[in-house]
file work-v1.txt (compact mmCIF, C-alpha atoms)
# COMPACT_ATOMS: atom_id res chain seq x y z
CA MET A 833 130.64 102.80 67.10
CA PRO A 834 131.61 104.08 70.52
CA LEU A 835 131.93 101.65 73.38
CA VAL A 836 129.69 102.74 76.26
CA ASP A 837 128.97 101.54 79.77
CA VAL A 838 125.43 100.47 80.60
CA THR A 839 124.36 99.96 84.20
CA ILE A 840 121.11 98.17 85.00
CA PRO A 841 119.22 97.75 88.29
CA LYS A 842 120.09 94.81 90.50
CA MET A 843 116.60 93.31 90.08
CA LEU A 844 117.01 93.16 86.31
CA ALA A 845 120.61 91.98 86.48
CA SER A 846 119.76 89.11 88.81
CA LEU A 847 116.84 88.14 86.61
CA VAL A 848 119.18 87.38 83.72
CA ARG A 849 122.16 86.31 85.85
CA SER A 850 124.16 89.25 84.58
CA GLU A 851 126.57 91.75 86.00
CA ARG A 852 125.04 95.17 86.64
CA HIS A 853 127.70 96.91 84.58
CA LEU A 854 127.85 96.00 80.91
CA ALA A 855 129.60 97.38 77.84
CA PHE A 856 128.08 97.73 74.39
CA GLU A 857 128.91 99.45 71.14
CA ALA A 858 126.19 101.96 70.37
CA SER A 859 125.90 105.35 68.70
CA THR A 860 122.73 106.49 70.52
CA VAL A 861 120.99 105.88 73.83
CA ALA A 862 118.32 103.93 71.95
CA GLY A 863 121.06 101.86 70.37
CA ALA A 864 122.58 101.08 73.75
CA LEU A 865 119.22 99.95 75.12
CA GLU A 866 118.65 97.85 72.01
CA ALA A 867 122.07 96.25 72.43
CA LEU A 868 121.20 95.49 76.04
CA CYS A 869 117.91 93.85 75.03
CA SER A 870 119.61 91.90 72.25
CA ALA A 871 122.10 90.51 74.73
CA HIS A 872 119.37 89.81 77.30
CA PRO A 873 116.02 89.58 75.47
CA GLU A 874 114.17 88.90 78.73
CA LEU A 875 114.75 92.54 79.67
CA ARG A 876 112.84 94.04 76.75
CA VAL A 877 109.43 93.63 78.41
CA HIS A 878 110.74 95.21 81.60
CA ILE A 879 112.26 98.29 80.00
CA PHE A 880 109.84 98.99 77.14
CA ASP A 881 106.03 99.08 77.04
CA GLU A 882 103.74 97.77 74.29
CA ALA A 883 104.34 100.87 72.20
CA GLY A 884 108.11 100.51 72.38
CA ALA A 885 108.54 103.47 74.74
CA VAL A 886 110.63 103.28 77.88
CA ARG A 887 108.26 102.38 80.71
CA PRO A 888 107.03 105.38 82.68
CA HIS A 889 108.58 104.17 85.94
CA VAL A 890 111.92 103.28 84.40
CA SER A 891 114.39 106.13 84.28
CA CYS A 892 117.30 106.35 81.92
CA PHE A 893 120.32 108.62 82.50
CA HIS A 894 123.11 109.57 80.09
CA ASN A 895 126.24 110.78 81.86
CA ALA A 896 124.13 111.64 84.93
CA THR A 897 121.55 113.58 82.92
CA SER A 898 118.01 112.28 82.53
CA VAL A 899 117.43 111.18 78.97
CA ALA A 900 114.62 113.09 77.28
CA ASP A 901 115.35 111.79 73.80
CA THR A 902 116.72 108.29 73.24
CA ALA A 903 118.14 109.48 69.92
CA THR A 904 120.81 111.30 71.95
CA PRO A 905 124.20 110.50 70.37
CA LEU A 906 126.88 108.75 72.40
CA SER A 907 130.64 109.15 72.62
CA GLU A 908 133.32 106.65 73.62
CA GLY A 909 133.13 105.90 77.33
CA ASP A 910 129.72 107.45 77.95
CA ALA A 911 127.66 106.04 80.78
CA ILE A 912 124.04 104.93 80.47
CA VAL A 913 122.27 104.12 83.71
CA VAL A 914 118.88 102.44 83.79
CA LEU A 915 117.14 103.08 87.10
CA GLN A 916 114.00 102.05 88.86
CA ALA A 917 112.16 105.34 89.23
CA VAL A 918 111.34 106.43 92.75
CA SER A 919 107.65 105.62 92.95
CA GLY A 920 105.43 103.44 95.01
CA GLY A 921 106.11 102.54 98.62
CA MET B 182 103.98 62.06 98.41
CA THR B 183 105.69 65.35 99.00
CA THR B 184 103.67 68.54 98.93
CA ALA B 185 105.51 71.53 97.54
CA LEU B 186 103.67 74.61 98.68
CA ALA B 187 104.45 77.59 96.47
CA ILE B 188 104.00 80.93 98.21
CA GLY B 189 103.92 84.05 96.07
CA THR B 190 104.31 87.36 97.83
CA LEU B 191 104.73 91.03 97.17
CA LYS B 192 108.51 90.55 97.38
CA GLY B 193 109.31 87.14 96.00
CA ALA B 194 108.39 83.45 96.17
CA TRP B 195 109.12 80.75 98.68
CA ILE B 196 108.66 76.99 98.45
CA ALA B 197 107.75 74.95 101.54
CA ARG B 198 107.95 71.16 101.32
CA SER B 199 106.51 68.50 103.56
CA ASP B 200 106.07 64.75 103.34
CA ASP B 201 103.28 64.57 105.86
CA GLY B 202 102.02 68.10 106.50
CA GLY B 203 103.76 68.12 109.87
CA GLU B 204 107.35 69.21 109.36
CA TRP B 205 108.06 71.71 106.62
CA ASP B 206 111.33 72.77 104.96
CA LEU B 207 111.52 76.22 103.42
CA GLU B 208 113.46 77.42 100.37
CA GLY B 209 113.63 80.94 99.01
CA PRO B 210 113.19 83.70 98.30
CA PHE B 211 113.10 83.11 94.59
CA LEU B 212 112.59 86.07 92.23
CA LYS B 213 113.73 88.20 95.12
CA GLY B 214 112.08 91.60 95.08
CA TRP B 215 109.52 90.68 92.43
CA GLN B 216 105.79 90.50 93.06
CA VAL B 217 104.84 86.88 92.41
CA ASN B 218 101.22 86.65 91.37
CA THR B 219 100.47 83.02 90.64
CA PHE B 220 101.85 79.59 89.83
CA GLY B 221 100.98 76.84 87.40
CA THR B 222 102.12 73.78 85.53
CA ALA B 223 102.77 73.72 81.79
CA PRO B 224 101.37 70.86 79.70
CA GLY B 225 104.87 69.39 79.49
CA GLY B 226 105.22 69.40 83.27
CA ALA B 227 107.38 72.47 83.84
CA ARG B 228 106.39 74.62 86.79
CA LEU B 229 105.47 78.22 86.10
CA LEU B 230 105.13 81.44 88.01
CA THR B 231 104.31 84.97 87.01
CA THR B 232 105.82 88.22 88.15
CA GLY B 233 104.35 91.67 88.00
CA SER B 234 105.86 95.02 88.77
CA GLN B 235 104.60 98.56 88.69
CA TRP B 236 108.02 99.49 87.32
CA TYR B 237 108.92 96.62 85.02
CA GLY B 238 105.72 95.02 83.76
CA ALA B 239 104.71 91.37 83.85
CA ALA B 240 106.36 88.11 82.81
CA VAL B 241 106.10 84.33 83.00
CA HIS B 242 108.94 82.24 84.42
CA ARG B 243 109.55 78.52 84.00
CA SER B 244 111.34 75.96 86.17
CA LYS B 245 111.89 72.23 86.26
CA ASP B 246 112.42 72.10 90.01
CA LEU B 247 110.66 75.14 91.55
CA ALA B 248 114.12 76.51 92.30
CA ASP B 249 115.98 77.46 89.12
CA TRP B 250 113.69 79.90 87.29
CA GLU B 251 114.13 81.25 83.76
CA GLN B 252 111.99 84.01 82.35
CA ILE B 253 110.10 83.29 79.14
CA VAL B 254 111.17 85.92 76.61
CA ASP B 255 107.98 86.07 74.54
CA GLY B 256 105.34 86.09 77.24
CA PRO B 257 101.76 87.32 76.89
CA ALA B 258 101.63 90.78 75.31
CA TYR B 259 98.86 92.81 73.79
CA PRO B 260 99.38 93.97 70.23
CA GLU B 261 100.21 97.67 70.23
CA GLU B 262 97.17 98.40 68.07
CA SER B 263 94.85 96.91 70.71
CA GLY B 264 95.42 99.90 72.94
CA HIS B 265 95.46 97.59 75.98
CA LYS B 266 98.30 97.44 78.49
CA LEU B 267 99.43 94.16 80.03
CA GLU B 268 99.89 95.03 83.69
CA GLN B 269 99.75 91.71 85.53
CA ILE B 270 99.37 88.00 84.85
CA TRP B 271 97.00 86.75 87.52
CA THR B 272 96.25 83.14 86.67
CA LEU B 273 97.53 80.16 84.65
CA THR B 274 95.48 77.13 83.65
CA THR B 275 96.48 74.10 81.62
CA THR B 276 94.11 71.95 79.61
CA GLY B 277 95.40 69.19 77.38
CA GLY B 278 98.29 70.66 75.42
CA ASP B 279 97.22 74.26 75.90
CA LEU B 280 98.10 76.79 78.54
CA TYR B 281 95.96 79.84 79.28
CA ALA B 282 96.84 83.03 81.13
CA GLY B 283 94.37 85.50 82.57
CA VAL B 284 95.75 89.03 82.78
CA ALA B 285 95.15 92.65 83.66
CA GLU B 286 94.15 94.77 81.80
CA ALA B 287 91.59 92.06 81.50
CA GLY B 288 92.19 89.50 78.82
CA LEU B 289 93.01 85.91 78.04
CA PHE B 290 96.10 84.54 76.29
CA LYS B 291 96.80 81.05 74.99
CA SER B 292 100.03 79.13 74.50
CA SER B 293 100.30 75.81 72.68
CA ASP B 294 104.05 75.36 73.20
CA ASP B 295 104.40 75.12 76.98
CA GLY B 296 104.41 78.87 77.42
CA SER B 297 107.19 79.77 74.99
CA THR B 298 104.89 81.88 72.80
CA TRP B 299 101.44 83.31 73.39
CA SER B 300 98.55 84.68 71.40
CA PRO B 301 95.59 86.73 72.58
CA VAL B 302 92.14 85.14 72.68
CA ALA B 303 90.61 87.89 70.60
CA ALA B 304 86.96 86.86 70.90
CA LEU B 305 87.11 87.53 74.63
CA ASN B 306 89.67 90.33 74.70
CA GLU B 307 87.74 92.33 72.12
CA HIS B 308 84.27 91.23 73.26
CA GLU B 309 81.42 93.49 72.16
CA THR B 310 81.05 94.66 75.76
CA ARG B 311 84.75 95.53 76.17
CA ALA B 312 84.40 99.29 75.97
CA ALA B 313 82.06 99.21 78.98
CA TRP B 314 84.29 97.03 81.19
CA MET B 315 85.14 98.73 84.47
CA PRO B 316 87.91 97.78 86.90
CA GLY B 317 87.35 96.67 90.46
CA PHE B 318 89.48 97.90 93.34
CA GLY B 319 92.13 95.39 92.29
CA GLY B 320 92.11 96.49 88.66
CA LEU B 321 90.44 95.23 85.50
CA ALA B 322 91.57 91.66 85.72
CA ALA B 323 90.88 88.22 84.27
CA HIS B 324 91.91 86.17 87.27
CA ARG B 325 90.24 82.77 87.18
CA ILE B 326 89.91 80.20 84.39
CA LEU B 327 87.89 77.00 84.66
CA VAL B 328 87.95 74.22 82.06
CA ASP B 329 85.61 71.27 81.62
CA SER B 330 88.03 68.36 81.69
CA ALA B 331 85.46 66.21 79.86
CA ASP B 332 85.15 68.78 77.07
CA PRO B 333 88.00 71.31 77.06
CA ALA B 334 86.16 73.43 74.49
CA ARG B 335 84.00 74.56 77.43
CA MET B 336 85.65 77.19 79.59
CA TRP B 337 84.69 79.89 82.08
CA VAL B 338 86.66 83.04 82.82
CA GLY B 339 86.10 85.38 85.76
CA ILE B 340 86.82 89.06 85.14
CA SER B 341 86.60 91.78 87.79
CA ALA B 342 84.47 93.83 87.75
CA VAL B 343 82.74 92.52 84.63
CA GLY B 344 81.53 89.02 85.40
CA VAL B 345 81.81 85.40 84.33
CA PHE B 346 82.17 84.68 80.62
CA ALA B 347 81.72 81.20 79.15
CA THR B 348 82.69 79.60 75.87
CA GLU B 349 81.45 76.33 74.40
CA ASP B 350 83.67 76.48 71.31
CA ALA B 351 87.22 76.67 72.65
CA GLY B 352 87.24 80.43 72.88
CA ALA B 353 85.82 81.32 69.47
CA SER B 354 82.82 83.01 71.11
CA TRP B 355 81.96 84.05 74.65
CA GLU B 356 78.76 84.86 76.50
CA LEU B 357 78.13 86.43 79.87
CA ARG B 358 76.68 84.16 82.55
CA ASN B 359 75.78 86.04 85.69
CA THR B 360 72.01 85.78 86.03
CA GLY B 361 71.06 85.72 89.69
CA VAL B 362 74.17 87.54 90.91
CA VAL B 363 73.92 91.10 92.25
CA ALA B 364 75.94 93.53 90.16
CA THR B 365 78.35 95.96 91.80
CA GLY B 366 78.11 98.47 88.95
CA PRO B 367 75.24 97.74 86.57
CA ASP B 368 75.68 98.95 83.00
CA ASP B 369 72.95 100.60 80.94
CA ASP B 370 73.73 98.71 77.76
CA PHE B 371 75.12 95.32 78.76
CA ASP B 372 74.56 92.79 81.52
CA ILE B 373 77.96 93.38 83.09
CA GLY B 374 79.31 94.97 86.25
CA TYR B 375 79.71 91.81 88.35
CA CYS B 376 82.76 91.61 90.58
CA VAL B 377 83.59 87.94 90.69
CA HIS B 378 86.41 87.15 93.13
CA GLY B 379 86.73 83.37 93.19
CA LEU B 380 85.46 80.37 91.21
CA VAL B 381 85.82 76.64 91.76
CA ALA B 382 84.12 73.78 89.92
CA ASP B 383 83.23 70.19 90.61
CA PRO B 384 85.79 68.19 88.60
CA ASP B 385 83.18 65.54 87.92
CA ASP B 386 80.51 68.03 86.83
CA ALA B 387 81.89 71.19 85.28
CA ASP B 388 78.45 72.81 85.24
CA THR B 389 78.47 72.94 89.04
CA ILE B 390 80.49 76.00 90.00
CA TRP B 391 80.80 77.84 93.28
CA ARG B 392 81.50 81.55 93.27
CA GLN B 393 82.84 83.93 95.89
CA ASP B 394 81.67 87.28 94.61
CA HIS B 395 81.94 90.83 95.83
CA LYS B 396 78.21 90.61 96.49
CA GLY B 397 77.98 87.19 98.13
CA VAL B 398 78.54 83.48 97.77
CA TYR B 399 76.77 81.76 94.88
CA ARG B 400 76.34 78.38 93.19
CA THR B 401 75.30 77.31 89.72
CA THR B 402 74.43 73.84 88.50
CA ASP B 403 73.83 74.82 84.89
CA GLY B 404 77.23 76.13 83.86
CA GLY B 405 76.57 79.65 85.06
CA ARG B 406 73.31 80.28 83.24
CA SER B 407 71.69 80.84 86.61
CA TRP B 408 73.17 81.42 90.07
CA GLU B 409 71.67 81.04 93.55
CA ARG B 410 72.93 82.71 96.70
CA ILE B 411 74.28 80.24 99.30
CA GLN B 412 75.24 82.06 102.51
CA ASN B 413 73.55 80.06 105.24
CA GLY B 414 75.95 80.41 108.17
CA VAL B 415 78.28 82.91 106.51
CA PRO B 416 78.99 85.93 108.73
CA GLY B 417 78.91 89.44 107.34
CA ALA B 418 77.66 90.42 103.93
CA GLY B 419 79.07 87.42 102.10
CA PHE B 420 82.15 89.34 101.02
CA GLY B 421 85.42 87.47 100.57
CA PHE B 422 88.00 86.59 97.97
CA PRO B 423 88.99 82.93 97.49
CA ILE B 424 86.86 79.82 97.32
CA GLY B 425 88.33 76.33 97.25
CA ARG B 426 87.21 72.73 97.15
CA ASP B 427 88.84 69.63 98.54
CA ASP B 428 88.04 67.09 95.86
CA ALA B 429 88.62 64.14 98.20
CA THR B 430 85.72 65.10 100.47
CA GLY B 431 83.82 67.62 98.35
CA SER B 432 84.11 70.18 101.13
CA LEU B 433 84.15 73.84 100.14
CA PHE B 434 86.18 76.57 101.84
CA ILE B 435 85.86 80.35 102.04
CA VAL B 436 87.24 83.10 104.28
CA PRO B 437 84.34 85.46 105.03
CA LEU B 438 85.01 89.16 105.52
CA GLU B 439 82.65 91.76 106.91
CA ALA B 440 81.87 93.74 103.75
CA ASP B 441 83.53 95.64 100.93
CA GLU B 442 83.62 98.74 103.15
CA PHE B 443 85.58 96.78 105.79
CA ARG B 444 87.53 93.95 104.27
CA ALA B 445 88.37 92.10 107.46
CA PRO B 446 86.83 89.26 109.48
CA VAL B 447 83.69 90.18 111.37
CA ASP B 448 84.76 91.27 114.89
CA GLY B 449 88.26 90.00 114.11
CA ARG B 450 87.04 86.42 114.16
CA PHE B 451 89.35 85.10 111.47
CA ALA B 452 88.32 81.62 110.36
CA VAL B 453 88.22 79.47 107.28
CA TYR B 454 84.60 78.45 106.83
CA ARG B 455 83.66 75.07 105.41
CA SER B 456 80.60 73.65 103.72
CA LYS B 457 80.23 69.89 103.80
CA ASP B 458 76.97 69.93 101.87
CA GLY B 459 77.85 71.58 98.60
CA GLY B 460 77.32 75.11 99.86
CA ASP B 461 73.89 74.66 101.48
CA SER B 462 75.37 75.61 104.86
CA TRP B 463 78.62 76.97 106.22
CA ALA B 464 80.42 76.89 109.58
CA PRO B 465 83.93 77.57 110.87
CA SER B 466 86.14 74.57 110.17
CA GLY B 467 88.18 73.53 113.17
CA ASP B 468 89.15 75.84 116.01
CA TRP B 469 90.42 79.39 115.57
CA PRO B 470 92.11 81.77 118.01
CA ASP B 471 89.95 83.94 120.25
CA ASP B 472 92.37 86.84 119.86
CA PRO B 473 91.11 89.33 117.29
CA THR B 474 92.78 88.72 113.95
CA PHE B 475 92.05 91.28 111.28
CA ASP B 476 93.85 89.39 108.54
CA THR B 477 92.58 88.57 105.07
CA VAL B 478 93.16 86.01 102.34
CA LEU B 479 93.41 87.25 98.77
CA ARG B 480 91.76 85.52 95.82
CA ASP B 481 94.69 83.33 94.67
CA SER B 482 95.90 82.54 98.17
CA MET B 483 93.92 79.39 98.85
CA ALA B 484 95.19 76.07 97.52
CA THR B 485 94.01 72.50 97.75
CA ASP B 486 95.94 69.31 97.01
CA GLY B 487 92.99 67.04 96.30
CA ASP B 488 93.69 64.86 99.31
CA GLY B 489 92.41 66.81 102.27
CA GLY B 490 95.11 69.44 102.17
CA VAL B 491 93.96 73.05 102.17
CA TYR B 492 96.41 75.93 102.46
CA VAL B 493 95.69 79.63 102.90
CA GLY B 494 98.14 82.50 102.83
CA THR B 495 97.17 85.78 104.42
CA SER B 496 97.84 89.36 103.52
CA GLY B 497 99.61 89.53 106.89
CA GLY B 498 102.10 86.91 105.70
CA SER B 499 100.93 83.80 107.52
CA VAL B 500 100.33 80.38 105.99
CA ILE B 501 97.75 78.14 107.63
CA SER B 502 97.21 74.56 106.58
CA THR B 503 94.99 71.58 107.20
CA GLY B 504 95.67 68.02 106.19
CA ASP B 505 92.27 66.70 107.20
CA ALA B 506 89.99 68.82 105.04
CA GLY B 507 89.50 71.46 107.68
CA ASP B 508 88.98 69.51 110.90
CA SER B 509 92.19 71.00 112.31
CA TRP B 510 94.47 73.82 111.19
CA THR B 511 98.11 74.61 111.86
CA LYS B 512 99.97 77.86 111.31
CA LEU B 513 103.29 77.34 109.56
CA PRO B 514 106.20 78.85 111.51
CA TRP B 515 107.15 81.65 109.13
CA THR B 516 105.92 85.16 108.38
CA PHE B 517 106.18 86.31 104.78
CA PRO B 518 105.55 89.58 102.99
CA ARG B 519 101.94 90.12 101.87
CA ILE B 520 100.89 86.81 100.34
CA ILE B 521 99.30 87.05 96.92
CA SER B 522 99.26 83.44 95.82
CA VAL B 523 99.46 79.94 97.27
CA HIS B 524 99.60 76.78 95.14
CA ALA B 525 100.10 73.17 96.15
CA PHE B 526 102.13 70.90 93.90
CA ASN B 527 102.24 67.16 94.48
CA GLU B 528 105.73 65.74 93.90

call {"tool": "encode", "arguments": {"input": "work-v1.txt", "output": "structure tokens"}}
result
Amino acid sequence: MPLVDVTIPKMLASLVRSERHLAFEASTVAGALEALCSAHPELRVHIFDEAGAVRPHVSCFHNATSVADTATPLSEGDAIVVLQAVSGG
Amino acid sequence: MTTALAIGTLKGAWIARSDDGGEWDLEGPFLKGWQVNTFGTAPGGARLLTTGSQWYGAAVHRSKDLADWEQIVDGPAYPEESGHKLEQIWTLTTTGGDLYAGVAEAGLFKSSDDGSTWSPVAALNEHETRAAWMPGFGGLAAHRILVDSADPARMWVGISAVGVFATEDAGASWELRNTGVVATGPDDDFDIGYCVHGLVADPDDADTIWRQDHKGVYRTTDGGRSWERIQNGVPGAGFGFPIGRDDATGSLFIVPLEADEFRAPVDGRFAVYRSKDGGDSWAPSGDWPDDPTFDTVLRDSMATDGDGGVYVGTSGGSVISTGDAGDSWTKLPWTFPRIISVHAFNE
């Protein structure tokens, strides 16, 4: 499987005493997020809702493009960025 | 004895410690950037806090020392098929070996392993009235849990804006107990629509409960089967959020606000009011500034330590304390983000 870079928000990284930039082997965006949550299971509740969907105010980008389908395939060196959506005040 | 005062805010938690209520040392922020909703103690003695976030959902965190916090992986969560969303965890209560959490969307969860795993209390969460439950301004929230220490099978849960539910069989069945209280949004089919804000019980008589409601201040002496209004001396419409009791003196404390249309002290006269006669009459406790102060105290932001200590945190970020059950009050030197929760731990 390709090795990809996953970047998570500072709030989530500090919660699990992790670096913001992580590397996982994953063939899809969903696989990368699953690898992240396997490495840091505390993050699952913060990224996914009860139905297993990415939370509405969490944004996920693949190579700087907003992810519409987490089944999107990945290539070696791709970048996944999990962001806190701009909402609230 | 050291008092560790846990202060939960919109942007993290702080811990203030004092040996005598005079000089305080401050640590924090912990959970920096996270909304900290409440604190508690697990049956095994670990300290707990809960975080909530409009982005990242809600979680429970555990610590041995109120400093090094670890998130519990398998916190309270509704089953997907329930159709309910877990938005916030507003209160934690321990009884015997069990730990309960009250949440929004309104519901109750139970843990029997110090918070490591949780299960929903289905008889309440799927109560026959559930479909008619309506949220208050602060959401549809189970935010206060009382337990009869003499018989832990007897519990009371306050849900906004639904009312007080009681169980006599450890949560297997629940009934509404709000007779005598004015509803904020009466329902055609069920006796619900009561916006309870605060509850506190007499530890020696669990059937005596005081209630700060959206629609006034109330007392019951029969476990909530009937309530009487007790607002003699309370300014405004009886609106307010927290209610507390110093168990050493039996004094009760509230922070009256003008009304739900204007949730601020009447004429800016911020004061913690005290009743020394079980709620029959109320008066400002101690002296308060003459300068107008349009600050408020939210429902989980009043704490007592059982020995004359009462602590309130305001939405403006101030913490005010008394060590003599309200005869005199002192403002702590710091200003925090909006304070959502204050708890006193004896160390």

call {"tool": "interface_residues", "arguments": {"input": "work-v1.txt", "of": "chain A", "to": "chain B", "cutoff": "6 Å", "atoms": "only C-alpha atoms", "output": "JSON list (two decimals) with C-alpha atoms, in the frame of the given file"}}
result
[["chain", "number", "residue", "atom", "x", "y", "z"],
["A", 874, "GLU", "CA", 114.17, 88.90, 78.73],
["A", 878, "HIS", "CA", 110.74, 95.21, 81.60],
["A", 882, "GLU", "CA", 103.74, 97.77, 74.29],
["A", 883, "ALA", "CA", 104.34, 100.87, 72.20],
["A", 889, "HIS", "CA", 108.58, 104.17, 85.94]]

call {"tool": "closest_residue", "arguments": {"input": "work-v1.txt", "among": "B:Ala418, B:Ala506, B:Ala387, B:Ile424", "to": "Glu442 of chain B", "atoms": "all atoms listed in the file"}}
result
B:Ala418

call {"tool": "atom_distance", "arguments": {"input": "work-v1.txt", "atom1": "atom CA of Arg849 of chain A", "atom2": "atom CA of Phe220 of chain B"}}
result
21.8 Å

call {"tool": "atom_distance", "arguments": {"input": "work-v1.txt", "atom1": "atom CA of Ser898 of chain A", "atom2": "atom CA of Ser846 of chain A"}}
result
24.1 Å

call {"tool": "atom_distance", "arguments": {"input": "work-v1.txt", "atom1": "atom CA of Lys245 of chain B", "atom2": "atom CA of Glu208 of chain B"}}
result
15.1 Å

call {"tool": "closest_residue", "arguments": {"input": "work-v1.txt", "among": "B:Ser432, B:Thr516, B:Thr275, B:Ser509", "to": "Asp488 of chain B", "atoms": "only C-alpha atoms"}}
result
B:Ser432
